[in-house]
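J.: Provided below: data_34.cif, containing mmCIF, C-alpha atoms.
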data_my_file
loop_
_atom_site.group_PDB
_atom_site.id
_atom_site.type_symbol
_atom_site.label_atom_id
_atom_site.label_comp_id
_atom_site.auth_asym_id
_atom_site.auth_seq_id
_atom_site.Cartn_x
_atom_site.Cartn_y
_atom_site.Cartn_z
ATOM 1 C CA MET A 1 45.674 24.427 20.839
ATOM 2 C CA PRO A 2 42.614 25.433 18.781
ATOM 3 C CA PRO A 3 39.256 25.285 20.549
ATOM 4 C CA VAL A 4 37.272 22.128 20.027
ATOM 5 C CA LYS A 5 33.910 22.728 18.375
ATOM 6 C CA ILE A 6 31.096 20.653 19.778
ATOM 7 C CA TYR A 7 28.001 20.169 17.639
ATOM 8 C CA GLN A 8 24.719 18.930 18.905
ATOM 9 C CA GLU A 9 23.403 15.894 17.018
ATOM 10 C CA ASP A 10 20.088 17.616 16.373
ATOM 11 C CA GLN A 11 21.883 20.531 14.749
ATOM 12 C CA ILE A 12 23.910 18.484 12.271
ATOM 13 C CA ALA A 13 21.319 15.799 11.498
ATOM 14 C CA SER A 14 19.457 16.303 8.243
ATOM 15 C CA PRO A 15 15.632 16.229 8.244
ATOM 16 C CA MET A 16 15.719 12.781 6.630
ATOM 17 C CA MET A 17 18.069 11.512 9.339
ATOM 18 C CA ARG A 18 15.825 12.917 12.056
ATOM 19 C CA VAL A 19 12.818 11.198 10.488
ATOM 20 C CA TRP A 20 14.699 7.899 10.504
ATOM 21 C CA GLN A 21 15.776 8.412 14.117
ATOM 22 C CA ASN A 22 12.185 9.041 15.175
ATOM 23 C CA PHE A 23 10.932 6.140 13.076
ATOM 24 C CA SER A 24 13.540 3.618 14.277
ATOM 25 C CA ALA A 25 12.715 4.457 17.894
ATOM 26 C CA ASN A 26 9.325 2.775 17.330
ATOM 27 C CA PRO A 27 9.807 -1.033 17.515
ATOM 28 C CA PHE A 28 6.390 -1.754 15.999
ATOM 29 C CA ALA A 29 7.124 0.460 12.990
ATOM 30 C CA LEU A 30 10.478 -1.285 12.505
ATOM 31 C CA ALA A 31 8.795 -4.685 12.686
ATOM 32 C CA GLY A 32 6.338 -3.535 10.020
ATOM 33 C CA LEU A 33 9.179 -2.254 7.842
ATOM 34 C CA TRP A 34 11.024 -5.578 8.054
ATOM 35 C CA THR A 35 7.809 -7.417 7.204
ATOM 36 C CA ILE A 36 7.256 -5.229 4.141
ATOM 37 C CA GLY A 37 10.845 -5.860 3.050
ATOM 38 C CA PHE A 38 10.262 -9.596 3.411
ATOM 39 C CA LEU A 39 7.045 -9.355 1.377
ATOM 40 C CA LEU A 40 8.883 -7.443 -1.351
ATOM 41 C CA LEU A 41 11.460 -10.241 -1.551
ATOM 42 C CA LEU A 42 8.681 -12.808 -1.813
ATOM 43 C CA THR A 43 6.990 -10.746 -4.513
ATOM 44 C CA ILE A 44 10.169 -10.656 -6.593
ATOM 45 C CA PHE A 45 11.752 -14.034 -5.875
ATOM 46 C CA GLY A 46 8.783 -16.090 -4.640
ATOM 47 C CA PRO A 47 8.061 -17.888 -7.917
ATOM 48 C CA MET A 48 11.761 -18.806 -8.211
ATOM 49 C CA ILE A 49 11.967 -20.498 -4.808
ATOM 50 C CA ALA A 50 8.544 -22.150 -4.821
ATOM 51 C CA PRO A 51 9.036 -25.949 -4.741
ATOM 52 C CA PHE A 52 5.999 -26.637 -6.952
ATOM 53 C CA ALA A 53 4.075 -24.900 -9.705
ATOM 54 C CA PRO A 54 0.964 -23.199 -8.313
ATOM 55 C CA GLU A 55 -1.434 -25.307 -10.392
ATOM 56 C CA THR A 56 0.319 -28.688 -10.009
ATOM 57 C CA GLN A 57 -2.108 -31.249 -8.562
ATOM 58 C CA ASP A 58 -1.126 -34.391 -6.639
ATOM 59 C CA PRO A 59 -4.012 -36.870 -6.174
ATOM 60 C CA ARG A 60 -1.917 -38.719 -3.564
ATOM 61 C CA ALA A 61 -1.648 -35.611 -1.343
ATOM 62 C CA LEU A 62 -5.173 -34.293 -0.946
ATOM 63 C CA LEU A 63 -5.789 -32.025 2.056
ATOM 64 C CA LEU A 64 -2.489 -32.786 3.739
ATOM 65 C CA PRO A 65 -2.060 -30.720 6.939
ATOM 66 C CA PRO A 66 1.017 -28.515 7.535
ATOM 67 C CA SER A 67 4.316 -30.176 8.391
ATOM 68 C CA TRP A 68 4.029 -29.497 12.144
ATOM 69 C CA ASP A 69 0.956 -31.732 12.258
ATOM 70 C CA PRO A 70 1.718 -35.458 12.849
ATOM 71 C CA SER A 71 -0.025 -36.250 9.557
ATOM 72 C CA GLY A 72 1.880 -33.605 7.587
ATOM 73 C CA THR A 73 5.015 -33.938 5.489
ATOM 74 C CA VAL A 74 8.057 -31.723 5.032
ATOM 75 C CA ALA A 75 7.580 -31.839 1.252
ATOM 76 C CA HIS A 76 4.361 -29.825 1.692
ATOM 77 C CA PHE A 77 5.429 -27.393 4.420
ATOM 78 C CA LEU A 78 2.085 -25.582 4.710
ATOM 79 C CA GLY A 79 -0.073 -28.481 3.570
ATOM 80 C CA THR A 80 -2.171 -28.953 0.453
ATOM 81 C CA ASP A 81 -5.686 -28.104 -0.665
ATOM 82 C CA ASP A 82 -8.506 -30.343 -1.854
ATOM 83 C CA LEU A 83 -6.842 -30.750 -5.270
ATOM 84 C CA GLY A 84 -3.432 -31.644 -3.864
ATOM 85 C CA ARG A 85 -1.864 -28.275 -4.695
ATOM 86 C CA ASP A 86 0.967 -27.116 -2.442
ATOM 87 C CA ILE A 87 -0.242 -24.144 -0.385
ATOM 88 C CA PHE A 88 3.275 -22.833 0.287
ATOM 89 C CA SER A 89 4.006 -22.663 -3.443
ATOM 90 C CA ARG A 90 0.670 -21.043 -4.171
ATOM 91 C CA LEU A 91 1.286 -18.518 -1.411
ATOM 92 C CA LEU A 92 4.651 -17.552 -2.908
ATOM 93 C CA HIS A 93 3.222 -17.255 -6.424
ATOM 94 C CA GLY A 94 0.285 -15.257 -5.097
ATOM 95 C CA ALA A 95 2.459 -12.626 -3.424
ATOM 96 C CA HIS A 96 2.981 -10.719 -6.659
ATOM 97 C CA LEU A 97 -0.734 -11.004 -7.514
ATOM 98 C CA THR A 98 -1.910 -9.478 -4.239
ATOM 99 C CA PHE A 99 0.927 -7.499 -2.664
ATOM 100 C CA GLY A 100 2.780 -6.706 -5.892
ATOM 101 C CA MET A 101 -0.356 -5.643 -7.748
ATOM 102 C CA ALA A 102 -1.375 -3.459 -4.795
ATOM 103 C CA LEU A 103 1.949 -1.598 -5.002
ATOM 104 C CA LEU A 104 1.563 -1.113 -8.765
ATOM 105 C CA ILE A 105 -2.025 0.086 -8.419
ATOM 106 C CA VAL A 106 -1.126 2.590 -5.705
ATOM 107 C CA ALA A 107 1.840 3.875 -7.711
ATOM 108 C CA THR A 108 -0.456 4.498 -10.682
ATOM 109 C CA ALA A 109 -3.154 6.102 -8.510
ATOM 110 C CA LEU A 110 -0.518 8.259 -6.781
ATOM 111 C CA PHE A 111 0.883 9.497 -10.098
ATOM 112 C CA THR A 112 -2.559 10.325 -11.467
ATOM 113 C CA GLY A 113 -3.819 11.803 -8.215
ATOM 114 C CA PHE A 114 -0.674 13.886 -7.762
ATOM 115 C CA ILE A 115 -1.039 15.529 -11.160
ATOM 116 C CA ILE A 116 -4.770 16.214 -10.880
ATOM 117 C CA GLY A 117 -4.620 17.195 -7.209
ATOM 118 C CA SER A 118 -1.658 19.531 -7.681
ATOM 119 C CA LEU A 119 -3.134 21.306 -10.680
ATOM 120 C CA SER A 120 -6.560 21.663 -9.071
ATOM 121 C CA GLY A 121 -5.039 22.740 -5.746
ATOM 122 C CA MET A 122 -3.264 25.626 -7.429
ATOM 123 C CA MET A 123 -6.562 26.788 -8.944
ATOM 124 C CA ARG A 124 -8.916 29.201 -7.302
ATOM 125 C CA GLY A 125 -12.522 30.110 -7.671
ATOM 126 C CA ILE A 126 -15.375 28.098 -9.082
ATOM 127 C CA LYS A 127 -13.226 25.424 -10.787
ATOM 128 C CA SER A 128 -11.588 24.442 -7.513
ATOM 129 C CA SER A 129 -14.942 24.498 -5.704
ATOM 130 C CA ILE A 130 -16.641 22.255 -8.292
ATOM 131 C CA LEU A 131 -13.815 19.713 -8.162
ATOM 132 C CA ALA A 132 -13.858 19.692 -4.348
ATOM 133 C CA HIS A 133 -17.600 18.929 -4.261
ATOM 134 C CA LEU A 134 -17.207 16.254 -6.949
ATOM 135 C CA LEU A 135 -14.446 14.577 -4.948
ATOM 136 C CA ASP A 136 -16.567 14.691 -1.797
ATOM 137 C CA ALA A 137 -19.331 12.883 -3.689
ATOM 138 C CA LEU A 138 -16.930 10.208 -4.979
ATOM 139 C CA LEU A 139 -15.310 9.691 -1.578
ATOM 140 C CA SER A 140 -18.729 9.109 -0.001
ATOM 141 C CA ILE A 141 -18.675 5.730 -1.796
ATOM 142 C CA PRO A 142 -16.381 3.143 -0.103
ATOM 143 C CA SER A 143 -13.440 2.106 -2.261
ATOM 144 C CA LEU A 144 -14.479 -1.563 -2.277
ATOM 145 C CA LEU A 145 -18.008 -0.729 -3.411
ATOM 146 C CA MET A 146 -16.593 1.533 -6.108
ATOM 147 C CA ALA A 147 -14.271 -1.273 -7.258
ATOM 148 C CA ILE A 148 -17.176 -3.736 -7.339
ATOM 149 C CA LEU A 149 -19.209 -1.328 -9.481
ATOM 150 C CA VAL A 150 -16.332 -0.902 -11.925
ATOM 151 C CA VAL A 151 -15.717 -4.663 -12.141
ATOM 152 C CA ALA A 152 -19.443 -5.234 -12.661
ATOM 153 C CA VAL A 153 -19.242 -3.001 -15.724
ATOM 154 C CA MET A 154 -15.877 -4.184 -17.076
ATOM 155 C CA GLY A 155 -16.191 -7.851 -16.113
ATOM 156 C CA PRO A 156 -14.215 -10.067 -13.703
ATOM 157 C CA GLY A 157 -10.488 -10.727 -14.057
ATOM 158 C CA LEU A 158 -7.187 -9.467 -12.674
ATOM 159 C CA ASP A 159 -6.698 -6.982 -15.510
ATOM 160 C CA ASN A 160 -10.005 -5.308 -14.715
ATOM 161 C CA VAL A 161 -9.239 -5.436 -10.986
ATOM 162 C CA PHE A 162 -6.185 -3.275 -11.656
ATOM 163 C CA TRP A 163 -8.329 -0.561 -13.221
ATOM 164 C CA ALA A 164 -11.196 -0.972 -10.778
ATOM 165 C CA VAL A 165 -9.108 -0.584 -7.621
ATOM 166 C CA GLY A 166 -7.031 2.155 -9.253
ATOM 167 C CA ILE A 167 -10.159 4.137 -10.152
ATOM 168 C CA ALA A 168 -11.479 3.641 -6.617
ATOM 169 C CA LEU A 169 -8.262 4.874 -4.926
ATOM 170 C CA THR A 170 -7.342 7.778 -7.224
ATOM 171 C CA PRO A 171 -9.970 10.206 -5.811
ATOM 172 C CA GLN A 172 -8.429 9.756 -2.342
ATOM 173 C CA PHE A 173 -5.054 10.980 -3.607
ATOM 174 C CA VAL A 174 -6.637 13.790 -5.585
ATOM 175 C CA ARG A 175 -8.630 14.959 -2.578
ATOM 176 C CA SER A 176 -5.774 14.820 -0.037
ATOM 177 C CA ILE A 177 -3.262 16.547 -2.334
ATOM 178 C CA HIS A 178 -5.803 19.101 -3.566
ATOM 179 C CA GLN A 179 -6.782 20.041 -0.022
ATOM 180 C CA SER A 180 -3.182 20.196 1.232
ATOM 181 C CA VAL A 181 -1.983 22.367 -1.659
ATOM 182 C CA HIS A 182 -5.032 24.626 -1.389
ATOM 183 C CA GLU A 183 -4.442 25.122 2.345
ATOM 184 C CA GLU A 184 -0.745 25.856 1.868
ATOM 185 C CA LEU A 185 -1.598 28.528 -0.708
ATOM 186 C CA GLN A 186 -3.283 30.536 2.038
ATOM 187 C CA LYS A 187 -0.130 30.667 4.198
ATOM 188 C CA GLU A 188 1.874 33.848 4.598
ATOM 189 C CA TYR A 189 5.139 32.350 3.384
ATOM 190 C CA VAL A 190 3.529 31.669 -0.009
ATOM 191 C CA THR A 191 2.518 35.308 -0.231
ATOM 192 C CA ALA A 192 6.073 36.317 0.695
ATOM 193 C CA ALA A 193 7.508 34.074 -2.010
ATOM 194 C CA ARG A 194 5.132 35.572 -4.561
ATOM 195 C CA LEU A 195 6.180 39.086 -3.538
ATOM 196 C CA ASP A 196 9.805 38.048 -4.002
ATOM 197 C CA GLY A 197 9.030 37.347 -7.670
ATOM 198 C CA ALA A 198 8.587 33.551 -7.615
ATOM 199 C CA ASN A 199 6.317 32.200 -10.338
ATOM 200 C CA SER A 200 3.634 29.534 -9.835
ATOM 201 C CA ILE A 201 5.931 26.607 -10.688
ATOM 202 C CA GLN A 202 8.631 27.788 -8.289
ATOM 203 C CA ILE A 203 6.083 28.359 -5.544
ATOM 204 C CA PHE A 204 4.659 24.876 -6.036
ATOM 205 C CA TRP A 205 7.944 22.919 -6.110
ATOM 206 C CA TYR A 206 10.094 24.868 -3.682
ATOM 207 C CA VAL A 207 7.567 26.386 -1.283
ATOM 208 C CA ILE A 208 4.434 24.238 -1.148
ATOM 209 C CA MET A 209 5.608 20.683 -1.896
ATOM 210 C CA PRO A 210 8.067 20.379 1.037
ATOM 211 C CA ASN A 211 5.036 20.809 3.301
ATOM 212 C CA VAL A 212 2.824 18.364 1.370
ATOM 213 C CA TRP A 213 5.090 15.312 1.242
ATOM 214 C CA GLU A 214 3.929 14.217 4.684
ATOM 215 C CA VAL A 215 0.344 13.983 3.457
ATOM 216 C CA VAL A 216 1.418 12.125 0.312
ATOM 217 C CA ILE A 217 3.461 9.548 2.250
ATOM 218 C CA ILE A 218 0.749 8.852 4.803
ATOM 219 C CA GLN A 219 -1.956 8.638 2.143
ATOM 220 C CA THR A 220 0.202 6.187 0.176
ATOM 221 C CA THR A 221 0.535 3.792 3.108
ATOM 222 C CA LEU A 222 -3.208 3.907 3.732
ATOM 223 C CA ALA A 223 -3.897 3.290 0.040
ATOM 224 C CA ILE A 224 -1.601 0.236 -0.115
ATOM 225 C CA SER A 225 -3.421 -1.496 2.734
ATOM 226 C CA ALA A 226 -6.783 -0.589 1.153
ATOM 227 C CA ALA A 227 -5.611 -1.932 -2.222
ATOM 228 C CA ILE A 228 -4.562 -5.273 -0.691
ATOM 229 C CA LEU A 229 -7.936 -5.653 1.012
ATOM 230 C CA ASP A 230 -9.841 -4.659 -2.131
ATOM 231 C CA ILE A 231 -7.893 -7.066 -4.360
ATOM 232 C CA ALA A 232 -8.365 -9.896 -1.878
ATOM 233 C CA ALA A 233 -12.055 -9.093 -1.400
ATOM 234 C CA LEU A 234 -12.700 -9.066 -5.153
ATOM 235 C CA GLY A 235 -10.845 -12.370 -5.459
ATOM 236 C CA PHE A 236 -12.907 -13.829 -2.623
ATOM 237 C CA LEU A 237 -16.123 -12.710 -4.343
ATOM 238 C CA SER A 238 -14.930 -14.263 -7.649
ATOM 239 C CA LEU A 239 -14.951 -10.807 -9.226
ATOM 240 C CA GLY A 240 -11.164 -10.594 -9.429
ATOM 241 C CA ALA A 241 -8.716 -13.456 -9.829
ATOM 242 C CA GLN A 242 -10.395 -16.576 -11.118
ATOM 243 C CA ALA A 243 -9.646 -20.189 -10.189
ATOM 244 C CA PRO A 244 -7.080 -21.719 -10.260
ATOM 245 C CA SER A 245 -5.234 -18.424 -9.638
ATOM 246 C CA PRO A 246 -3.103 -18.399 -6.442
ATOM 247 C CA GLU A 247 -4.175 -14.867 -5.524
ATOM 248 C CA TRP A 248 -4.588 -14.795 -1.736
ATOM 249 C CA GLY A 249 -8.242 -13.734 -1.688
ATOM 250 C CA ALA A 250 -9.129 -16.356 -4.285
ATOM 251 C CA MET A 251 -7.261 -18.965 -2.199
ATOM 252 C CA VAL A 252 -9.439 -18.100 0.794
ATOM 253 C CA ALA A 253 -12.571 -18.465 -1.343
ATOM 254 C CA GLN A 254 -11.398 -21.813 -2.718
ATOM 255 C CA GLY A 255 -10.757 -23.141 0.796
ATOM 256 C CA VAL A 256 -14.038 -22.056 2.409
ATOM 257 C CA ASP A 257 -15.753 -25.355 1.520
ATOM 258 C CA ASN A 258 -13.094 -27.218 3.517
ATOM 259 C CA LEU A 259 -12.993 -24.804 6.453
ATOM 260 C CA LEU A 260 -14.055 -27.391 9.036
ATOM 261 C CA THR A 261 -12.052 -30.341 7.731
ATOM 262 C CA ALA A 262 -8.945 -28.443 6.512
ATOM 263 C CA PRO A 263 -8.872 -24.998 8.175
ATOM 264 C CA TRP A 264 -5.292 -24.339 7.012
ATOM 265 C CA THR A 265 -6.534 -23.844 3.449
ATOM 266 C CA VAL A 266 -8.290 -20.670 4.660
ATOM 267 C CA THR A 267 -6.268 -19.501 7.642
ATOM 268 C CA ILE A 268 -2.846 -19.496 5.946
ATOM 269 C CA PRO A 269 -3.715 -17.173 3.012
ATOM 270 C CA GLY A 270 -5.929 -15.187 5.404
ATOM 271 C CA LEU A 271 -2.976 -14.659 7.750
ATOM 272 C CA ALA A 272 -0.847 -13.556 4.786
ATOM 273 C CA ILE A 273 -3.402 -10.831 4.016
ATOM 274 C CA LEU A 274 -3.656 -9.887 7.696
ATOM 275 C CA PHE A 275 0.092 -9.537 8.265
ATOM 276 C CA SER A 276 0.539 -7.582 5.034
ATOM 277 C CA VAL A 277 -2.105 -5.013 5.968
ATOM 278 C CA LEU A 278 -0.926 -4.894 9.592
ATOM 279 C CA ALA A 279 2.700 -4.286 8.565
ATOM 280 C CA ILE A 280 1.744 -1.438 6.235
ATOM 281 C CA ASN A 281 -0.467 0.182 8.873
ATOM 282 C CA LEU A 282 2.341 -0.047 11.447
ATOM 283 C CA VAL A 283 4.735 1.644 9.022
ATOM 284 C CA GLY A 284 2.142 4.296 8.235
ATOM 285 C CA ASP A 285 1.579 5.064 11.921
ATOM 286 C CA GLY A 286 5.338 5.131 12.492
ATOM 287 C CA LEU A 287 5.846 7.568 9.638
ATOM 288 C CA ARG A 288 3.055 9.788 10.914
ATOM 289 C CA SER A 289 4.655 9.944 14.341
ATOM 290 C CA ALA A 290 8.150 10.439 12.911
ATOM 291 C CA LEU A 291 7.135 13.254 10.575
ATOM 292 C CA ALA A 292 5.090 15.203 13.101
ATOM 293 C CA PRO A 293 8.059 16.693 15.042
ATOM 294 C CA ILE A 294 9.840 17.579 11.791
ATOM 295 C CA ARG A 295 6.814 19.425 10.476
ATOM 296 C CA ASN A 296 6.281 21.246 13.754
#
Written as structure tokens, that's how I'd like the structure from this file.
T.:
Amino acid sequence: MPPVKIYQEDQIASPMMRVWQNFSANPFALAGLWTIGFLLLLTIFGPMIAPFAPETQDPRALLLPPSWDPSGTVAHFLGTDDLGRDIFSRLLHGAHLTFGMALLIVATALFTGFIIGSLSGMMRGIKSSILAHLLDALLSIPSLLMAILVVAVMGPGLDNVFWAVGIALTPQFVRSIHQSVHEELQKEYVTAARLDGANSIQIFWYVIMPNVWEVVIIQTTLAISAAILDIAALGFLSLGAQAPSPEWGAMVAQGVDNLLTAPWTVTIPGLAILFSVLAINLVGDGLRSALAPIRN
């Protein structure tokens, strides 16, 4: 009878599988991941399942409380605002304006920051030093303040919010990738690869990048939560989405006047923003913890 070979799970598991094992062992990270998946479904299918159009007004249903209140109705599950608009429907339509736009903005900022950060990180000398100091100066300005400055120049509106928040977040990607690539260039294994005859492109893709993905992933999760807050803040300040847009920050601004008489008009979209940012931060912390043993 041939000998039975016994393999340890850690020996046969791929790095990706080990990351998932470490990540799934964190219940808070899993809860955040499920919440993000739910938000993605709402972003894609929310307008299709919304019972009302986001701008439909019903004069007979002004400031109705949520359905669990004795004065509420099932037809308006989360109540209505001061114009009789269904908050549940507006929340579903607003998912792609806040959460969906944040994902698109971060994807654009990541692409731009990856190219600039990678190219500058591979440079040496005065060019790299000048860019590093320029990025330090830009990052000294909070992303929200930077977005407000850009919107002040370009004018309010969702289209300009896309560019404003993207411009505010791109330096963060450039800086993190630039610094990571520049640090990896100083390692001995890069020198060994260069002595083996690898060119700059091969060194970047096959030697440096496997050690930079952790930084990129973590920075992406942080940027998504920052983008959601910036979009909502600009909408609240009437610098982003304009009434009657169902963007979550704009919904909070539109309900502030009725905060005492109809608090659900503010708390419900505010909780949507809170849970979105919380879920992304939980996933980001889970990924950071899951990637640390793999890197070490």
J.: Using all atoms listed in the file for the distances, tell me which of A:Leu274, A:Leu131, A:Ile116, A:Leu158 is nearest to A:Gly240.
T.: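 That would be A:Leu158, the residue with the smallest distance to A:Gly240.
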J.: Pick out the closest residue to A:Val150 from this set: A:Thr35, A:Leu239, A:Ala164, A:Asn211. Count all atoms listed in the file.
T.: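 Smallest distance to A:Val150 is found for A:Ala164.
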J.: Can you turn the PyMOL selection byres ((chain A and resi 168-183) around 6) into a concrete residue list for this file, as a PyMOL selection string?
T.: chain A and resi 109+113+117-118+121+143+146-147+165-167+184-186
J.: Please identify all polymer residues within 6 Å of stretch 89-93 of chain A, counting only C-alpha atoms, omitting same-chain residues fewer than 2 positions from it, and present them as a PyMOL selection string.
T.: chain A and resi 46-47+50+52+54+86-87+95+246
J.: Given the file above and the PyMOL selection byres ((chain A and resi 77) around 7), which residues are selected, and can you give them as a compact mmCIF listing (two decimals) with C-alpha atoms, in the coordinates of the input?
T.:
# COMPACT_ATOMS: atom_id res chain seq x y z
CA PRO A 66 1.02 -28.52 7.54
CA SER A 67 4.32 -30.18 8.39
CA THR A 73 5.01 -33.94 5.49
CA VAL A 74 8.06 -31.72 5.03
CA ALA A 75 7.58 -31.84 1.25
CA HIS A 76 4.36 -29.82 1.69
CA LEU A 78 2.08 -25.58 4.71
CA GLY A 79 -0.07 -28.48 3.57
CA PHE A 88 3.28 -22.83 0.29
